[in-house]
Each structure stands twice: as structure tokens, then as C-alpha cells.
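Structure file model_16.txt; described as compact mmCIF, C-alpha atoms and all ligand atoms.
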# COMPACT_ATOMS: atom_id res chain seq x y z
CA MET A 159 44.45 -17.55 -2.28
CA ILE A 160 42.83 -14.14 -2.57
CA LYS A 161 40.81 -13.06 0.44
CA HIS A 162 37.49 -11.31 0.20
CA ASN A 163 35.38 -9.32 2.66
CA LYS A 164 34.06 -12.11 4.91
CA HIS A 165 30.76 -10.31 5.42
CA LEU A 166 30.00 -11.12 1.78
CA ASP A 167 29.40 -14.80 2.43
CA ASN A 168 25.90 -14.56 3.87
CA VAL A 169 24.66 -11.65 1.81
CA PRO A 170 21.47 -12.53 -0.11
CA VAL A 171 21.50 -12.08 -3.88
CA TYR A 172 19.20 -9.46 -5.38
CA LYS A 173 17.13 -11.09 -8.15
CA PRO A 174 15.74 -8.43 -10.47
CA GLY A 175 12.59 -8.88 -12.54
CA LYS A 176 13.57 -10.57 -15.80
CA PRO A 177 14.25 -8.01 -18.56
CA ILE A 178 12.01 -8.32 -21.63
CA GLU A 179 14.95 -9.22 -23.88
CA GLU A 180 15.96 -12.08 -21.59
CA VAL A 181 12.48 -13.63 -21.59
CA GLN A 182 12.33 -13.27 -25.39
CA ARG A 183 15.65 -15.11 -25.74
CA GLU A 184 15.01 -17.84 -23.17
CA TYR A 185 11.46 -18.68 -24.25
CA ASN A 186 11.85 -17.86 -27.93
CA LEU A 187 9.02 -15.32 -27.88
CA ASP A 188 8.39 -12.20 -29.96
CA GLU A 189 6.03 -10.47 -27.62
CA VAL A 190 6.70 -10.19 -23.91
CA ILE A 191 4.86 -8.12 -21.32
CA LYS A 192 6.91 -7.09 -18.31
CA LEU A 193 4.98 -6.55 -15.09
CA ALA A 194 7.93 -7.43 -12.89
CA SER A 195 9.75 -4.28 -11.73
CA ASN A 196 7.07 -1.68 -10.88
CA GLU A 197 8.15 0.54 -13.76
CA ASN A 198 5.86 3.19 -15.22
CA PRO A 199 4.08 1.41 -18.11
CA TYR A 200 3.28 4.74 -19.81
CA GLY A 201 6.93 5.64 -20.39
CA CYS A 202 7.99 9.10 -19.24
CA SER A 203 7.23 12.75 -19.90
CA LEU A 204 7.62 13.79 -23.55
CA PHE A 205 9.72 16.77 -22.39
CA VAL A 206 12.30 14.29 -21.12
CA LYS A 207 12.93 12.82 -24.55
CA LYS A 208 13.64 16.24 -26.04
CA ALA A 209 15.99 17.25 -23.20
CA VAL A 210 17.91 13.97 -23.40
CA GLU A 211 18.37 14.43 -27.16
CA ASN A 212 19.72 17.94 -26.66
CA GLU A 213 22.06 16.82 -23.87
CA ALA A 214 23.47 13.97 -25.94
CA VAL A 215 25.86 16.33 -27.78
CA HIS A 216 27.77 16.83 -24.49
CA LEU A 217 28.44 13.18 -23.73
CA ASN A 218 32.20 13.64 -24.04
CA ARG A 219 32.14 15.85 -20.93
CA TYR A 220 31.82 14.71 -17.32
CA PRO A 221 28.52 15.56 -15.65
CA ASP A 222 28.19 18.21 -12.95
CA GLY A 223 28.74 16.13 -9.82
CA GLY A 224 26.76 18.63 -7.80
CA ALA A 225 23.77 18.49 -10.17
CA TYR A 226 23.37 22.28 -9.88
CA TYR A 227 20.21 22.85 -11.93
CA LEU A 228 18.39 19.74 -10.80
CA ARG A 229 19.26 20.49 -7.17
CA LYS A 230 17.86 24.03 -7.45
CA LYS A 231 14.65 22.79 -9.01
CA LEU A 232 14.14 19.92 -6.56
CA ALA A 233 14.89 22.10 -3.52
CA SER A 234 12.21 24.57 -4.57
CA PHE A 235 9.77 21.76 -5.49
CA LEU A 236 10.15 20.18 -2.03
CA SER A 237 10.67 23.46 -0.10
CA VAL A 238 13.95 22.24 1.40
CA GLY A 239 17.47 23.67 1.34
CA GLU A 240 19.82 22.81 -1.51
CA ASP A 241 22.21 21.42 1.11
CA GLU A 242 19.52 19.06 2.39
CA ILE A 243 19.51 16.93 -0.78
CA ILE A 244 21.81 14.20 -2.08
CA PHE A 245 21.46 12.53 -5.49
CA GLY A 246 22.18 8.90 -6.18
CA ASN A 247 22.53 6.52 -9.10
CA GLY A 248 19.01 5.36 -8.27
CA SER A 249 17.86 5.61 -4.67
CA ASN A 250 19.49 2.22 -4.18
CA GLU A 251 22.85 3.94 -4.25
CA ILE A 252 21.73 6.24 -1.45
CA LEU A 253 20.75 3.21 0.65
CA ASP A 254 24.25 1.90 0.06
CA MET A 255 25.85 5.21 1.06
CA ILE A 256 23.74 5.29 4.24
CA ALA A 257 24.95 1.83 5.24
CA ARG A 258 28.58 2.75 4.56
CA VAL A 259 28.38 5.87 6.67
CA PHE A 260 26.20 4.69 9.55
CA LEU A 261 26.71 0.91 9.93
CA ASN A 262 29.65 -1.20 11.07
CA PRO A 263 30.20 -4.62 12.71
CA ASP A 264 29.23 -3.22 16.13
CA SER A 265 25.89 -1.86 15.05
CA GLU A 266 22.44 -3.19 14.29
CA ALA A 267 20.13 -2.41 11.38
CA LEU A 268 16.47 -2.84 12.19
CA MET A 269 13.66 -3.46 9.71
CA PHE A 270 10.39 -5.30 9.31
CA GLN A 271 10.41 -8.85 8.07
CA GLY A 272 9.98 -8.93 4.28
CA SER A 273 11.19 -5.36 3.70
CA PHE A 274 12.88 -4.31 0.46
CA ILE A 275 15.80 -6.74 0.22
CA VAL A 276 18.40 -4.07 -0.52
CA TYR A 277 18.37 -2.95 3.17
CA LYS A 278 19.61 -6.36 4.21
CA ILE A 279 22.24 -6.52 1.47
CA VAL A 280 23.81 -3.13 2.20
CA SER A 281 23.69 -3.66 5.98
CA MET A 282 25.23 -7.13 5.90
CA LEU A 283 28.05 -5.93 3.66
CA GLN A 284 29.03 -3.55 6.47
CA GLY A 285 29.07 -6.50 8.84
CA ALA A 286 26.17 -4.98 10.77
CA LYS A 287 23.69 -7.27 12.51
CA VAL A 288 20.31 -7.32 10.79
CA LYS A 289 17.30 -7.56 13.09
CA GLU A 290 13.89 -8.20 11.60
CA VAL A 291 10.63 -7.42 13.35
CA SER A 292 7.79 -9.81 12.57
CA LEU A 293 4.56 -8.78 10.89
CA GLU A 294 0.98 -8.79 12.18
CA ASN A 295 -1.99 -10.47 10.52
CA ASN A 296 -2.39 -9.78 6.80
CA PHE A 297 1.20 -8.53 6.53
CA GLN A 298 0.41 -5.37 8.52
CA ARG A 299 3.25 -3.56 10.33
CA ASP A 300 3.07 -2.32 13.89
CA LEU A 301 5.47 0.59 14.36
CA ASN A 302 5.38 0.10 18.15
CA ARG A 303 6.97 -3.29 17.71
CA LEU A 304 9.79 -1.61 15.86
CA LEU A 305 10.27 0.84 18.74
CA ASP A 306 10.34 -2.04 21.21
CA ALA A 307 13.07 -3.75 19.21
CA ILE A 308 15.43 -0.75 19.25
CA THR A 309 18.48 -1.29 21.48
CA GLU A 310 21.47 0.90 22.24
CA ASN A 311 23.28 -0.84 19.37
CA THR A 312 20.60 0.03 16.83
CA SER A 313 22.06 2.59 14.43
CA VAL A 314 19.69 2.54 11.48
CA VAL A 315 16.01 1.68 11.09
CA PHE A 316 14.84 1.06 7.52
CA ILE A 317 11.16 1.37 6.59
CA ASP A 318 9.74 1.16 3.09
CA ASN A 319 6.42 2.94 3.09
CA PRO A 320 4.59 1.50 1.23
CA CYS A 321 6.40 -1.81 1.50
CA ASN A 322 7.76 -3.58 -1.55
CA PRO A 323 6.57 -6.37 -2.14
CA THR A 324 3.43 -6.42 0.03
CA GLY A 325 2.11 -2.96 -0.88
CA VAL A 326 1.12 -2.42 2.77
CA ALA A 327 1.50 1.11 4.19
CA ASN A 328 1.52 2.84 7.57
CA PHE A 329 -0.42 6.09 7.85
CA LYS A 330 0.39 9.61 8.95
CA ASP A 331 -1.00 9.40 12.49
CA GLU A 332 0.97 6.24 13.24
CA PHE A 333 4.16 7.81 11.91
CA ASP A 334 3.70 11.12 13.76
CA GLU A 335 3.58 9.16 16.99
CA PHE A 336 6.45 6.87 16.01
CA ILE A 337 8.75 9.79 15.12
CA GLN A 338 8.14 11.45 18.49
CA LYS A 339 9.24 8.31 20.29
CA LEU A 340 12.26 7.60 18.09
CA PRO A 341 15.44 7.69 20.22
CA ASP A 342 18.12 10.22 19.25
CA HIS A 343 20.83 7.65 18.58
CA VAL A 344 18.86 6.11 15.71
CA LEU A 345 18.75 7.18 12.06
CA LEU A 346 15.37 6.46 10.44
CA VAL A 347 15.57 5.74 6.71
CA LEU A 348 12.12 6.28 5.31
CA ASP A 349 12.09 4.85 1.79
CA GLU A 350 9.32 6.55 -0.17
CA ALA A 351 10.00 5.03 -3.60
CA TYR A 352 6.23 4.89 -4.21
CA PHE A 353 5.31 8.20 -2.58
CA GLU A 354 3.71 9.66 -5.70
CA TYR A 355 1.32 6.69 -5.87
CA ALA A 356 0.62 6.52 -2.16
CA LYS A 357 0.31 10.18 -1.15
CA GLN A 358 -3.43 10.43 -1.85
CA HIS A 359 -3.98 7.73 0.77
CA ASN A 360 -2.96 9.53 3.95
CA VAL A 361 0.58 8.20 4.18
CA PRO A 362 2.97 10.75 5.70
CA ASP A 363 5.02 13.09 3.54
CA GLY A 364 8.36 12.21 5.10
CA ILE A 365 9.90 15.56 4.18
CA ASN A 366 7.88 17.04 7.06
CA TYR A 367 9.94 14.96 9.49
CA VAL A 368 13.19 16.37 8.12
CA ARG A 369 11.92 19.92 8.60
CA PRO A 370 9.04 19.75 11.01
CA ILE A 371 6.40 22.41 10.27
CA ASN A 372 4.44 21.19 13.24
CA PRO A 373 6.36 22.36 16.33
CA LYS A 374 4.86 19.48 18.28
CA ILE A 375 6.95 17.09 16.23
CA PRO A 376 10.54 17.29 17.49
CA LYS A 377 13.48 17.22 15.08
CA LYS A 378 14.75 13.68 14.65
CA ASN A 379 17.41 11.93 12.64
CA VAL A 380 15.54 11.06 9.49
CA ILE A 381 16.48 10.61 5.84
CA ILE A 382 13.83 10.28 3.16
CA THR A 383 14.73 8.45 -0.02
CA ARG A 384 12.77 8.86 -3.24
CA THR A 385 13.33 7.98 -6.85
CA PHE A 386 12.67 8.95 -10.45
CA SER A 387 12.43 5.24 -11.33
CA LYS A 388 8.78 4.64 -10.55
CA ALA A 389 6.04 7.26 -11.13
CA TYR A 390 8.42 9.51 -13.12
CA GLY A 391 9.24 6.65 -15.48
CA LEU A 392 13.05 6.98 -15.57
CA ALA A 393 14.16 3.58 -14.22
CA GLY A 394 16.57 3.10 -17.12
CA LEU A 395 18.49 6.30 -16.38
CA ARG A 396 19.19 5.59 -12.68
CA ILE A 397 18.54 8.63 -10.55
CA GLY A 398 17.07 9.05 -7.08
CA TYR A 399 17.58 11.33 -4.09
CA GLY A 400 17.75 11.57 -0.33
CA VAL A 401 16.50 14.43 1.85
CA ALA A 402 17.86 14.99 5.36
CA ASN A 403 19.38 17.71 7.52
CA LYS A 404 22.68 19.05 6.21
CA ASP A 405 24.66 17.29 8.90
CA ILE A 406 23.56 13.88 7.64
CA ILE A 407 23.85 14.96 3.99
CA SER A 408 27.44 16.21 4.39
CA LYS A 409 28.49 12.85 5.86
CA LEU A 410 26.91 10.99 2.95
CA GLU A 411 28.59 13.34 0.46
CA LYS A 412 31.95 11.99 1.63
CA VAL A 413 31.24 8.52 0.26
CA ARG A 414 29.42 9.64 -2.88
CA GLN A 415 31.37 8.99 -6.08
CA PRO A 416 32.17 12.32 -7.77
CA PHE A 417 30.15 11.69 -10.93
CA ASN A 418 27.53 9.24 -9.68
CA THR A 419 24.59 10.70 -11.58
CA ASN A 420 25.08 11.13 -15.31
CA ARG A 421 24.26 14.01 -17.65
CA LEU A 422 21.23 12.41 -19.26
CA ALA A 423 19.74 11.41 -15.91
CA GLN A 424 20.14 14.93 -14.51
CA VAL A 425 18.42 16.73 -17.39
CA ALA A 426 15.75 14.03 -17.58
CA ALA A 427 14.94 14.30 -13.88
CA LEU A 428 14.74 18.09 -14.17
CA GLU A 429 12.24 17.93 -17.03
CA ALA A 430 10.31 15.11 -15.39
CA LEU A 431 9.84 17.21 -12.24
CA LYS A 432 8.39 20.05 -14.30
CA ASP A 433 5.79 17.76 -15.88
CA GLN A 434 3.55 16.96 -12.92
CA ALA A 435 0.65 16.43 -15.34
CA PHE A 436 2.36 13.26 -16.54
CA VAL A 437 2.80 12.04 -12.97
CA LYS A 438 -0.86 12.73 -12.21
CA PHE A 439 -1.95 10.88 -15.35
CA SER A 440 0.20 7.88 -14.36
CA VAL A 441 -1.10 7.83 -10.80
CA ASP A 442 -4.76 8.15 -11.83
CA MET A 443 -4.40 5.38 -14.39
CA ASN A 444 -2.69 3.20 -11.79
CA GLU A 445 -5.59 3.61 -9.35
CA LYS A 446 -8.17 2.63 -11.98
CA GLN A 447 -6.17 -0.29 -13.26
CA LYS A 448 -5.44 -1.55 -9.75
CA GLU A 449 -9.21 -1.71 -9.17
CA TYR A 450 -9.61 -3.65 -12.41
CA LEU A 451 -6.98 -6.17 -11.33
CA TYR A 452 -8.53 -6.51 -7.85
CA GLU A 453 -11.90 -7.34 -9.43
CA GLU A 454 -10.45 -9.88 -11.81
CA LEU A 455 -8.34 -11.56 -9.12
CA GLU A 456 -11.45 -11.79 -6.93
CA LYS A 457 -13.44 -13.39 -9.75
CA LEU A 458 -10.70 -16.00 -10.03
CA GLY A 459 -10.80 -16.61 -6.29
CA ILE A 460 -7.22 -15.40 -5.89
CA CYS A 461 -6.32 -13.87 -2.53
CA TYR A 462 -4.48 -10.53 -2.84
CA ILE A 463 -3.23 -7.86 -0.44
CA PRO A 464 -4.69 -4.36 -1.04
CA SER A 465 -1.80 -2.16 -2.17
CA TYR A 466 -0.87 1.51 -1.80
CA ALA A 467 1.63 1.37 -4.65
CA ASN A 468 1.71 0.33 -8.32
CA PHE A 469 1.91 -3.43 -7.76
CA ILE A 470 -0.14 -6.16 -6.10
CA MET A 471 1.06 -9.16 -4.12
CA PHE A 472 -1.18 -12.23 -4.37
CA LYS A 473 -1.21 -15.80 -3.26
CA SER A 474 -0.24 -18.03 -6.15
CA PRO A 475 -3.09 -20.47 -6.82
CA ARG A 476 -0.66 -23.02 -8.26
CA GLU A 477 2.99 -23.68 -7.73
CA ASP A 478 4.12 -23.32 -11.32
CA LEU A 479 2.16 -20.17 -12.14
CA TYR A 480 5.23 -17.92 -12.38
CA GLU A 481 6.89 -20.27 -14.88
CA ARG A 482 3.70 -20.86 -16.88
CA LEU A 483 3.17 -17.10 -17.25
CA LEU A 484 6.78 -16.69 -18.44
CA GLU A 485 6.27 -19.38 -21.09
CA LYS A 486 3.33 -17.35 -22.36
CA GLY A 487 5.32 -14.12 -22.45
CA ILE A 488 4.23 -12.53 -19.18
CA SER A 489 6.97 -11.65 -16.73
CA ILE A 490 5.90 -11.04 -13.11
CA ARG A 491 7.89 -11.85 -9.95
CA PRO A 492 7.99 -14.15 -6.99
CA ALA A 493 7.46 -11.94 -3.91
CA PHE A 494 10.87 -12.08 -2.22
CA GLY A 495 10.53 -13.23 1.39
CA PHE A 496 6.95 -14.47 1.00
CA ASP A 497 6.87 -18.08 -0.12
CA GLY A 498 3.93 -18.97 -2.34
CA TYR A 499 3.20 -15.34 -3.19
CA LEU A 500 3.73 -13.48 -6.47
CA ARG A 501 3.92 -9.78 -7.23
CA VAL A 502 2.47 -8.22 -10.36
CA SER A 503 3.10 -4.60 -11.39
CA VAL A 504 0.05 -2.68 -12.56
CA GLY A 505 0.44 -2.22 -16.33
CA THR A 506 -1.47 -0.41 -19.06
CA PRO A 507 -5.11 -1.49 -19.65
CA GLU A 508 -3.97 -3.69 -22.57
CA GLU A 509 -1.18 -5.32 -20.56
CA ASN A 510 -3.45 -6.00 -17.60
CA GLU A 511 -6.14 -7.52 -19.82
CA LYS A 512 -3.54 -9.76 -21.43
CA PHE A 513 -2.27 -10.78 -17.99
CA VAL A 514 -5.82 -11.63 -16.82
CA LYS A 515 -6.63 -13.50 -20.02
CA THR A 516 -3.44 -15.56 -19.72
CA LEU A 517 -4.10 -16.22 -16.04
CA LYS A 518 -7.54 -17.59 -16.96
CA GLU A 519 -6.03 -19.82 -19.66
CA ILE A 520 -3.55 -21.31 -17.20
CA LEU A 521 -5.94 -21.86 -14.26
C1 LIG A 601 12.11 0.43 -6.71
C2 LIG A 601 12.48 0.69 -5.31
C3 LIG A 601 13.52 1.55 -4.99
C4 LIG A 601 14.20 2.40 -6.02
O1 LIG A 601 15.15 1.97 -6.73
P1 LIG A 601 16.03 2.91 -7.66
O2 LIG A 601 17.40 2.52 -7.30
O3 LIG A 601 15.73 4.34 -7.32
O4 LIG A 601 15.62 2.57 -9.04
C5 LIG A 601 13.82 1.80 -3.67
N1 LIG A 601 13.10 1.23 -2.70
C6 LIG A 601 12.08 0.42 -2.96
C7 LIG A 601 11.29 -0.13 -1.84
C8 LIG A 601 11.75 0.11 -4.28
O5 LIG A 601 10.75 -0.73 -4.53
Go through the file and emit its structure as C-alpha cells.
Ligand SMILES: *Cc1c(COP(=O)(O)O)cnc(C)c1O
Amino acid sequence: MIKHNKHLDNVPVYKPGKPIEEVQREYNLDEVIKLASNENPYGCSLFVKKAVENEAVHLNRYPDGGAYYLRKKLASFLSVGEDEIIFGNGSNEILDMIARVFLNPDSEALMFQGSFIVYKIVSMLQGAKVKEVSLENNFQRDLNRLLDAITENTSVVFIDNPCNPTGVANFKDEFDEFIQKLPDHVLLVLDEAYFEYAKQHNVPDGINYVRPINPKIPKKNVIITRTFSKAYGLAGLRIGYGVANKDIISKLEKVRQPFNTNRLAQVAALEALKDQAFVKFSVDMNEKQKEYLYEELEKLGICYIPSYANFIMFKSPREDLYERLLEKGISIRPAFGFDGYLRVSVGTPEENEKFVKTLKEIL
């Protein structure tokens, strides 16, 4: 008998949104609309395509593990030191590195109920105890409750702001207060995967907690994770980053695989960063289209949760809605952790209209 890591047994399985090709195969469909993984429906910057083509001639060579050029650009973009950044094969890989460095069977990971499922997976694999703090009415999150739940065994607190899948966010004032009260033995992981979409709505810019500009905010143990997978439109290339003080970063660097981000991803992320006009276009379109979807859901009497990201969680008006949509070539997702709720990503105007039209046909 081979023996495996016994922590594995209770680890939940991550169920990704169904890829377009899979739905086409399973349901024998030509046309499938995917609104299941919060990807950018407008693709990515045109500069990215050119840079990736040019880089393709070097595919026989290993990438630069240190991501020299991208690191320089990102450090200046964020006004942080080059040694305060770590890159990951998607920000998911950074979450994994954090768990490996900071969690073990004696420690606790703390998070809100219904947080991004990856926190639970990476924590449980370390054998750490996962503690979940319950939500308030309408899926709201009270940061004071999180503070109350911290014990001397708590090593890491994970917060996705906004939260995936509810779309709920906590605002700057709440966070400023929370950070001040955060005990020194705790590492806060602030997952800002949707920061570009949320920042116009008074959510904090977590980077300010890594390097406080406001002297009233004391320096705490914080790591911010962000990604090129969402607003930047590079989900298929797998690249994200973490920002923290160099002490935390140097520990994480020890568990990072030497060539974890590939050549194409590095040049793509660099070009994507330069093209903020594309990001702005994507974010503006998302706001308009989110309003459109709100209105249409209301007309259908469907209860939804207002969202600060590029997706909407709503109460499914019938049990088989997810399946019925799939049969008609529309892939959305059950909202993990929230029974009876579905999550739809905000698509292009055409995709959203098709989704609404199909929803009307089914109901
Ligand atoms: C999509 C998402 C991520 C990012 O994943 P990548 O690995 O960077 O593609 C991280 N956190 C949350 C909450 C997300 O929804």
C-alpha cells in the first residue's frame, strides 16, 4: 500500500467553470457562451498579442525566474520596491506558497464563510485548522467578527475583497480600522483579484497597508495578492503577483519553483500593464453591463446581490436552471458554498443579451 499525505482526505475539490470546448462536446453544441470564470470578455490588450508573437522565437530557452523587466515595471507602477514583489503562476500559486510557508498542523487559518475556496484547500493541505467566521445579513462581512475570532494559534487570515462568489466588499474605513487592530502574530492575506474593477468604489488599495503612507496606520504583516487573469485578460497565461515587505517576500521565494512564470506570461503582463486604456475600457464596460444585468434580473423577479466585481451572484429561481442554461449553450456556475445560488460573469453586451433571452425562455 502506498501512503499519501493524510491531510488530503478532507480537502474539498476545486470545480472550475466548464471550459467552452467541454460544453460543446458534452451537449453537442456549436456555439457556447462562457460566463463562468470571471474572465475578461473583451480579450486582452492588442500590444500583448504582438509581444507574445515576438517572444515565441525564444521558447527553447528557460524564462528569467526573477522576471527582471516585469518586476521593474510593476515596482514603478505600484511605487513599491522590486524586492517587495513575488510573481506566481496565477495568484493561486502565491496563495499556495503562503500556506506552505506560514501554516502547519499547529496553526489556524481564519476566513469568512463562503470565501474563495482555494484558501481552504491550501490551508487544509498543510494540516492547518480552518476556522470560518459567519456572515451577516445579505452576505455582508463584519471585520470585527474576524478580529474576535483570532486566537494565539491563528497564523493567517485570508480575505477576498471583493469576495468571490458573492461580490460583496468591505470599504476603506472599515479596513483602516481593522488593520490597526490586527495582532502582530497574524499574517493578513488580502486577495485583490478584482481590484481593478472595485477600486472606483472606495475599497482600500491594499498596497498602502504594505507601505503605510499614513503614519497613523502602523506597519502590519500584510500580503496583497493580485492577478493578470481578470481585468487584464490574461487568464490563459497564468500570472499573478504578491506584494509584501521584503521579509515576507524572501520567505516565500524559498518555496517558489525556479521557473514558475513562463516567458510568454512575463512579456504579456509587461505589455498589459502599459496599456491602462484597455483596463479602463474593460472596467467601464463592466459597470454598464452590470447595470443592464441588474435591471433584467429585477424584471424577472430574480434576487441578486449587488457586486463590486465583474460577476453577480443570484438566487436561482428554479433548481435545474444551471443545467438548462448549459443545454442551451450558456455556461455559468453554481456559487460554491451558497446552496441555491448561481454566479454569472458579466460578459459583452451580446453575451449578456443572449443570457437574458435564454433565461426568459427557460423561466
Ligand atoms: C480569480 C481569482 C483569483 C485569481 O486566480 P489566478 O490564479 O490569478 O488566475 C484569486 N482570488 C480570487 C478570489 C479569484 O476570484
Env. residues ligand LIG 601 (chain A) / 9 Å / all atoms listed in the file / as JSON, numbers by chain: {"A": [195, 196, 197, 246, 247, 248, 249, 250, 251, 252, 253, 273, 274, 275, 276, 277, 317, 318, 319, 320, 321, 322, 323, 349, 350, 351, 352, 383, 384, 385, 386, 387, 388, 392, 393, 394, 395, 396, 397, 398, 399]}
Just how far from atom CA of A:Ala214 is atom CA of A:Tyr226, in Å to one decimal? 18.1 Å
Mind pulling up the distance from atom CA of A:Thr324 to atom CA of A:Gly495?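 Spanning atom CA of A:Gly495 to atom CA of A:Thr324 is a straight-line distance of 9.9 Å.
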Which residues come within 10 Å of A:Glu310, counting all atoms listed in the file, excluding same-chain residues fewer than 2 positions away, as number ranges by chain? A: 265-266, 308, 312-313, 341, 343-344
Just the number, please: distance in Å from atom CA of A:Arg421 to atom CA of A:Gly400, one decimal. 18.7 Å
For the point (15.6, 21.3, -7.3) in the file's frame, write as a ChimeraX atom specification all residues with an atom no more than 12 Å away, counting all atoms listed in the file. /A:224-245,399,401,424-425,427-432
Enclose stretch 381-389 of chain A, meaning all of its atoms listed in the file, in a box aligned along x, y and z, pad it by 3 Å on each side, and list the centre and edge lengths in Å to one decimal, as AutoDock Vina command-line options.
--center_x 11.3 --center_y 7.6 --center_z -2.7 --size_x 16.4 --size_y 12.0 --size_z 23.2
Pick out the closest residue to A:Gly498 from this set: A:Asn444, A:Ser474, A:Asn379, A:Ser465. Count only C-alpha atoms.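 The answer is A:Ser474, which sits nearest to A:Gly498.
Minimum atom-to-atom distances from A:Pro199, A:Pro507, A:Gly175, A:Gly285 to A:Asn163 were compared using only C-alpha atoms, and the lowest value belongs to A:Gly285.
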Pick from A:Leu410, A:Gln358, A:Lys486, A:Glu332, whichever lies nearest to A:Asn186 using only C-alpha atoms: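 Smallest separation from A:Asn186 among the options: A:Lys486.
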With a distance cut-off of 9 Å and all atoms listed in the file, select the neighbouring residues of A:Leu283, excluding the residue or stretch itself and same-chain residues fewer than 4 positions from it, and output the selection as a VMD selection string. chain A and resid 163 to 166 168 to 169 257 to 258 262 278 to 279
Pick from A:Glu445, A:Glu411, A:Glu477, A:Asp254: nearest to A:Thr506, with all atoms listed in the file counted? A:Glu445
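Closest approach to A:Phe270 among A:Lys446, A:Ile256, A:Gln284, A:Phe316: A:Phe316, based on all atoms listed in the file.
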Between A:Ile463, A:Ile488, A:Leu217, A:Asp222, which residue has the minimum interatomic distance to A:Asn295, considering all atoms listed in the file? A:Ile463
Shell of 6 Å around A:Leu346, only C-alpha atoms, local chain residues under 5 positions omitted, as a PyMOL selection string: chain A and resi 314-315+380
Name all residues at most 10 Å from A:Ala493 (count all atoms listed in the file; drop same-chain ones fewer than 3 positions away) and give them as a PyMOL selection string. chain A and resi 272+322-324+470-473+490+496-502
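Around the point (-6.8, 6.7, -11.4), within 12 Å and counting only C-alpha atoms, we find these residues: A:Tyr355, A:Ala356, A:Gln358, A:Val437, A:Lys438, A:Phe439, A:Ser440, A:Val441, A:Asp442, A:Met443, A:Asn444, A:Glu445, A:Lys446, A:Gln447, A:Lys448, A:Glu449, A:Tyr450, A:Asn468, A:Val504, A:Thr506, A:Pro507.
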Skip A:Lys173 itself and residues of its chain fewer than 2 positions away, then list as a PyMOL selection string all residues within 10 Å of it, counting all atoms listed in the file. chain A and resi 170-171+175-176+275+491-492+494
